[in-house]
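K.L.:
Submitted below is the structure of interest, expressed as structure tokens.
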Amino acid sequence: MEEKKITTTSGIEIKELYTTAKPVTELPGEFPYTRGIQKDMYRGRLWTMRQYAGFSTAEESNKRYHYLLKQGTMGLSVAFDLPTQIGYDSDHEMAEGEVGKVGVAIDSLKDIEILFDGIELQKITTSMTINATASVLLAMYIALAKKQGADIRQISGTIQNDILKEYAARGTYIYPPKSSMRIITDIFEFCSQEVPKWNTISISGYHIREAGSTAVQELAFTLANGKAYLNAALEKGLDINIFAKRLSFFFNCHNNFFEEIAKFRAARRMWAKITKDLGATDEKAQMLRFHTQTGGSTLTAQQPLNNVIRVTSQAMAAVLGGTQSLHTNGYDEALSLPTEAAAKIALRTQQVIAFETGITDTVDPLAGSFFVENLTDEIETAAQVYIDKIDAMGGSVNAIENGYIQNEIGNAAYQYQLEIEDGSRVIVGVNKFTQEKEGINDVFTIDESIRTIQTDKLNKLKSERDAVAVEKALNDLLLAAKGTENLMPFILVAVEAYATLGEVSDVLRSVFGEY
């Protein structure tokens, strides 16, 4: 009988037994950081436990943030609604039906003031999942910090700001790729001088994986995008030893336990080599620091309580892989935004792993495992093949404009779905061990009246603000966009005058066009 061939989700063959691996000579906290970026890892400091939240109005999201902070979350992570992500105010016709649905609606600095009411920005870190309008939301955050009397040189957090993966996998882009890259490098430059503790980009494999890529593709395309950002910043004359320290990454953690752990280890090693080859000599500029979110696309609407087990397994893989920050998904997210109960059990999952399992007691617990060491090497080799192909095309921007990355992801997603449908890939509760009643009824709903509430707030704001100051700020931004000046100071002045997100985005649309 022919022996059954078993592979990872990336098609890497798994042998029945591993009896050798190359000796582990690398130490944690030392180049190339395969075993972790800190010498003592979680013995010294646990990862940041974040819970991603944002829905409806700023008032409603503010209540959830206070709830999560009371439950022991260590950093906030903001979800924005689709109109905010693509530069439309809530009263725009394109926003109809989407206001407050998949995140919080932010139209102006006024909404940001409400969103963080009672929360001192200098005392927390905030991650914002925002890309095309990242410059505007960051400007609003800085404006609020200034109003709170914070030292903006001390505020810390992350904007995702990774536009390349939007073209490849997610779709919330506004401007053409090259104009978008200009805005991103302007943010790098501005923050390195004014807000030095801010992570100016979170290069995201998460959405590449959610769109259906394999683990190897997620790693390869994410690092290739990272290289594109490094090269763009170098062309602008920025110092890699300064700006590379403020780059962070955002990865998915999927179901294949050991493949995910090996992916994270390979990612650190590969990034260390990439940055070194591009001239980074500072250790911190060579380190890949990353946030992980458990795999949203792995969650099932069928038997949703099974998702508690999936999320736990994925969270353990992220911790064993050495993540710096972690978000665990709610078990009900295949049905709706998470309820408070689901958000709490997701956070408790991290706390149990941190304080009860012993996983954090030693650095890189799986180092020296014949299987994990071999798999780390094989994932690195397979990802490098993709990166070499993209380099030969002239880098990620060209590969995206040619449709190469999108096609590779699409093919992988199609293959995965075929395996589910023919039963060769088992999804518990979906194509095996099914049942008629799914066992959950309590879902979170967003009221359609949100758009009216936001529109009323916008009308009130526009009647009360200094219209002359707004017009001048937007005109100055227009001139800067037509020239070569850094756009961030102009955006900051505009939002401080209470120009809306849509007004700022429209000024840039008028110069750069839409993609």
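Labels used: A, B, ... for chains in the order of the structure tokens, numbers from 1 for residues in each chain, and numbers from 1 for ligands as shown.
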Can you list every residue in segment 14-75 of chain A that DSSP puts in strand (DSSP E or B), as a ChimeraX atom specification?
P.N.:
/A:48-53,75
K.L.:
Tell me which protein, DNA and RNA residues are within 9 Å of Asn411 of chain A, counting only C-alpha atoms, leaving out same-chain ones fewer than 5 positions away, and put them as number ranges by chain.
P.N.:
A: 212-213, 406, 416
K.L.:
Among segment 22-238 of chain A, which residues carry a DSSP assignment of alpha helix (DSSP H), reported as a PyMOL selection string?
P.N.:
chain A and resi 58-71+82-85+109-115+134-147+164-165+177-194+206-210+215-235
K.L.:
Which one of A:Ser108, A:Gln148, A:Thr484, A:Ser10 sits closest to Leu121 of chain A if you count only C-alpha atoms?
P.N.:
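Using only C-alpha atoms, the shortest distance to Leu121 of chain A belongs to A:Gln148.
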K.L.:
Taking only C-alpha atoms into account, name the residue in A:Asp277, A:Asp107, A:Glu333, A:Asp89 that is nearest to Gln302 of chain A.
P.N.:
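Smallest distance to Gln302 of chain A is found for A:Glu333.
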K.L.:
May I have the residues within 8 Å of Phe250 of chain A as a PyMOL selection string, using only C-alpha atoms and disregarding those fewer than 3 positions away in the same chain?
P.N.:
chain A and resi 202-206+290-293
K.L.:
Would you list the contacts of Phe221 of chain A as a PyMOL selection string, taking every protein, DNA or RNA residue within 9 Å and counting only C-alpha atoms, but skipping same-chain residues closer than 6 positions in sequence?
P.N.:
chain A and resi 165+205+208+383+386-387+390+396+405
K.L.:
Keeping only C-alpha atoms, write the selected residues to a file as a compact mmCIF listing (two decimals), in the first residue's frame.
P.N.:
# COMPACT_ATOMS: atom_id res chain seq x y z
CA LYS A 165 -1.27 44.47 1.16
CA GLY A 205 0.62 39.35 6.54
CA ILE A 208 -2.86 38.16 2.99
CA ALA A 383 9.54 31.80 1.16
CA TYR A 386 8.92 33.81 -3.77
CA ILE A 387 10.96 36.82 -2.60
CA ILE A 390 9.35 39.37 -6.69
CA SER A 396 6.40 44.36 -4.54
CA ILE A 405 0.74 38.40 -5.81
K.L.:
Could you name the residues that touch His254 of chain A at 9 Å or less, counting only C-alpha atoms, but leaving out those on the same chain fewer than 6 positions away, as a list in words?
P.N.:
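What passes the distance filter is Arg209, Ala215, Glu260, Thr294, Gly295, Gly296, Ser297, Thr298, Arg310, Val311, Ser313, Gln314 and Ala317 of chain A.
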K.L.:
Residues as selected, N, CA, C and O atoms, written as an mmCIF file, in the first residue's frame, can you do that?
P.N.:
data_model
loop_
_atom_site.group_PDB
_atom_site.id
_atom_site.type_symbol
_atom_site.label_atom_id
_atom_site.label_comp_id
_atom_site.auth_asym_id
_atom_site.auth_seq_id
_atom_site.Cartn_x
_atom_site.Cartn_y
_atom_site.Cartn_z
ATOM 1 N N ARG A 209 -3.133 36.324 4.566
ATOM 2 C CA ARG A 209 -3.555 34.970 4.969
ATOM 3 C C ARG A 209 -5.075 34.844 4.968
ATOM 4 O O ARG A 209 -5.641 33.835 4.548
ATOM 5 N N ALA A 215 0.842 29.652 4.521
ATOM 6 C CA ALA A 215 1.766 30.235 5.512
ATOM 7 C C ALA A 215 3.032 30.757 4.831
ATOM 8 O O ALA A 215 3.535 31.836 5.163
ATOM 9 N N GLU A 260 2.925 27.203 12.021
ATOM 10 C CA GLU A 260 2.846 28.602 12.451
ATOM 11 C C GLU A 260 4.046 28.986 13.320
ATOM 12 O O GLU A 260 4.637 30.050 13.143
ATOM 13 N N THR A 294 -5.179 35.798 16.039
ATOM 14 C CA THR A 294 -5.605 34.449 15.669
ATOM 15 C C THR A 294 -6.446 34.527 14.390
ATOM 16 O O THR A 294 -7.008 35.566 14.064
ATOM 17 N N GLY A 295 -6.527 33.435 13.666
ATOM 18 C CA GLY A 295 -7.058 33.446 12.299
ATOM 19 C C GLY A 295 -8.567 33.604 12.217
ATOM 20 O O GLY A 295 -9.325 32.670 12.500
ATOM 21 N N GLY A 296 -9.010 34.785 11.796
ATOM 22 C CA GLY A 296 -10.445 35.039 11.673
ATOM 23 C C GLY A 296 -11.122 34.094 10.702
ATOM 24 O O GLY A 296 -12.242 33.612 10.943
ATOM 25 N N SER A 297 -10.438 33.802 9.591
ATOM 26 C CA SER A 297 -11.065 32.957 8.560
ATOM 27 C C SER A 297 -11.140 31.491 8.978
ATOM 28 O O SER A 297 -11.784 30.683 8.313
ATOM 29 N N THR A 298 -10.493 31.127 10.085
ATOM 30 C CA THR A 298 -10.578 29.734 10.571
ATOM 31 C C THR A 298 -11.811 29.522 11.442
ATOM 32 O O THR A 298 -12.137 28.391 11.790
ATOM 33 N N ARG A 310 -10.044 26.456 18.871
ATOM 34 C CA ARG A 310 -9.185 26.907 17.764
ATOM 35 C C ARG A 310 -8.345 28.118 18.201
ATOM 36 O O ARG A 310 -7.139 28.173 17.951
ATOM 37 N N VAL A 311 -9.001 29.087 18.820
ATOM 38 C CA VAL A 311 -8.312 30.312 19.234
ATOM 39 C C VAL A 311 -7.231 29.993 20.270
ATOM 40 O O VAL A 311 -6.126 30.553 20.228
ATOM 41 N N SER A 313 -5.507 27.162 20.635
ATOM 42 C CA SER A 313 -4.387 26.502 19.959
ATOM 43 C C SER A 313 -3.548 27.522 19.177
ATOM 44 O O SER A 313 -2.312 27.518 19.228
ATOM 45 N N GLN A 314 -4.231 28.432 18.474
ATOM 46 C CA GLN A 314 -3.520 29.451 17.686
ATOM 47 C C GLN A 314 -2.755 30.411 18.597
ATOM 48 O O GLN A 314 -1.622 30.794 18.291
ATOM 49 N N ALA A 317 0.403 28.792 19.749
ATOM 50 C CA ALA A 317 1.418 28.776 18.686
ATOM 51 C C ALA A 317 2.095 30.137 18.568
ATOM 52 O O ALA A 317 3.309 30.232 18.393
#
K.L.:
I need the residue nearest Glu26 of chain A from this list: A:Lys70, A:Lys284, A:Arg265, A:Lys227. Use only C-alpha atoms for the distance.
P.N.:
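The answer is A:Arg265, which sits nearest to Glu26 of chain A.
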K.L.:
Write out as a list in words which residues come within 12 Å of Glu408 of chain A when counting only C-alpha atoms, dropping same-chain ones fewer than 4 positions away.
P.N.:
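Answer for this query is Ala168, Ala169, Ile208, Arg209, Ala211, Gly212, Ser213, Thr214, Val216, Gln217, Glu218, Ala220, Phe221, Tyr386, Ile390, Ala399, Ile400, Asn402, Gly403, Tyr404, Ala412, Ala413, Tyr414 and Gln415 of chain A.
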K.L.:
So that I can see what lies close to Gly36 of chain A, please list as a list in words the residues with an atom at most 9 Å from it, counting only C-alpha atoms and leaving out residues fewer than 2 positions away in the same chain.
P.N.:
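Skipping anything fewer than 2 positions along the chain leaves Leu27, Pro28, Gly29, Glu30, Pro32, Tyr33, Thr34, Gln38, Lys39, Asp40, Met41, Arg265, Arg268, Gly321, Gly322, Thr323, Val363 and Asp364 of chain A.
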K.L.:
Under the rule that only C-alpha atoms are counted, which of A:Ser505, A:Gln154, A:Asn374, A:Gln122 is the nearest residue to Val136 of chain A?
P.N.:
A:Ser505
K.L.:
Pick the closest to Ala79 of chain A from A:Tyr65, A:Asn459, A:Arg35, A:Ile130: which is it, counting only C-alpha atoms?
P.N.:
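Closest to Ala79 of chain A of all the choices is A:Ile130.
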K.L.:
So which one's closest to Val99 of chain A, A:Ser56, A:Thr362, A:Thr281, A:Thr445? Using only C-alpha atoms, please.
P.N.:
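The shortest atom-to-atom distance to Val99 of chain A comes from A:Ser56.
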K.L.:
Can you work out the spacing between atom CA of Ser179 of chain A and atom CA of Phe249 of chain A in Å, to one decimal?
P.N.:
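About the pair atom CA of Ser179 of chain A and atom CA of Phe249 of chain A: they are 22.2 Å apart.
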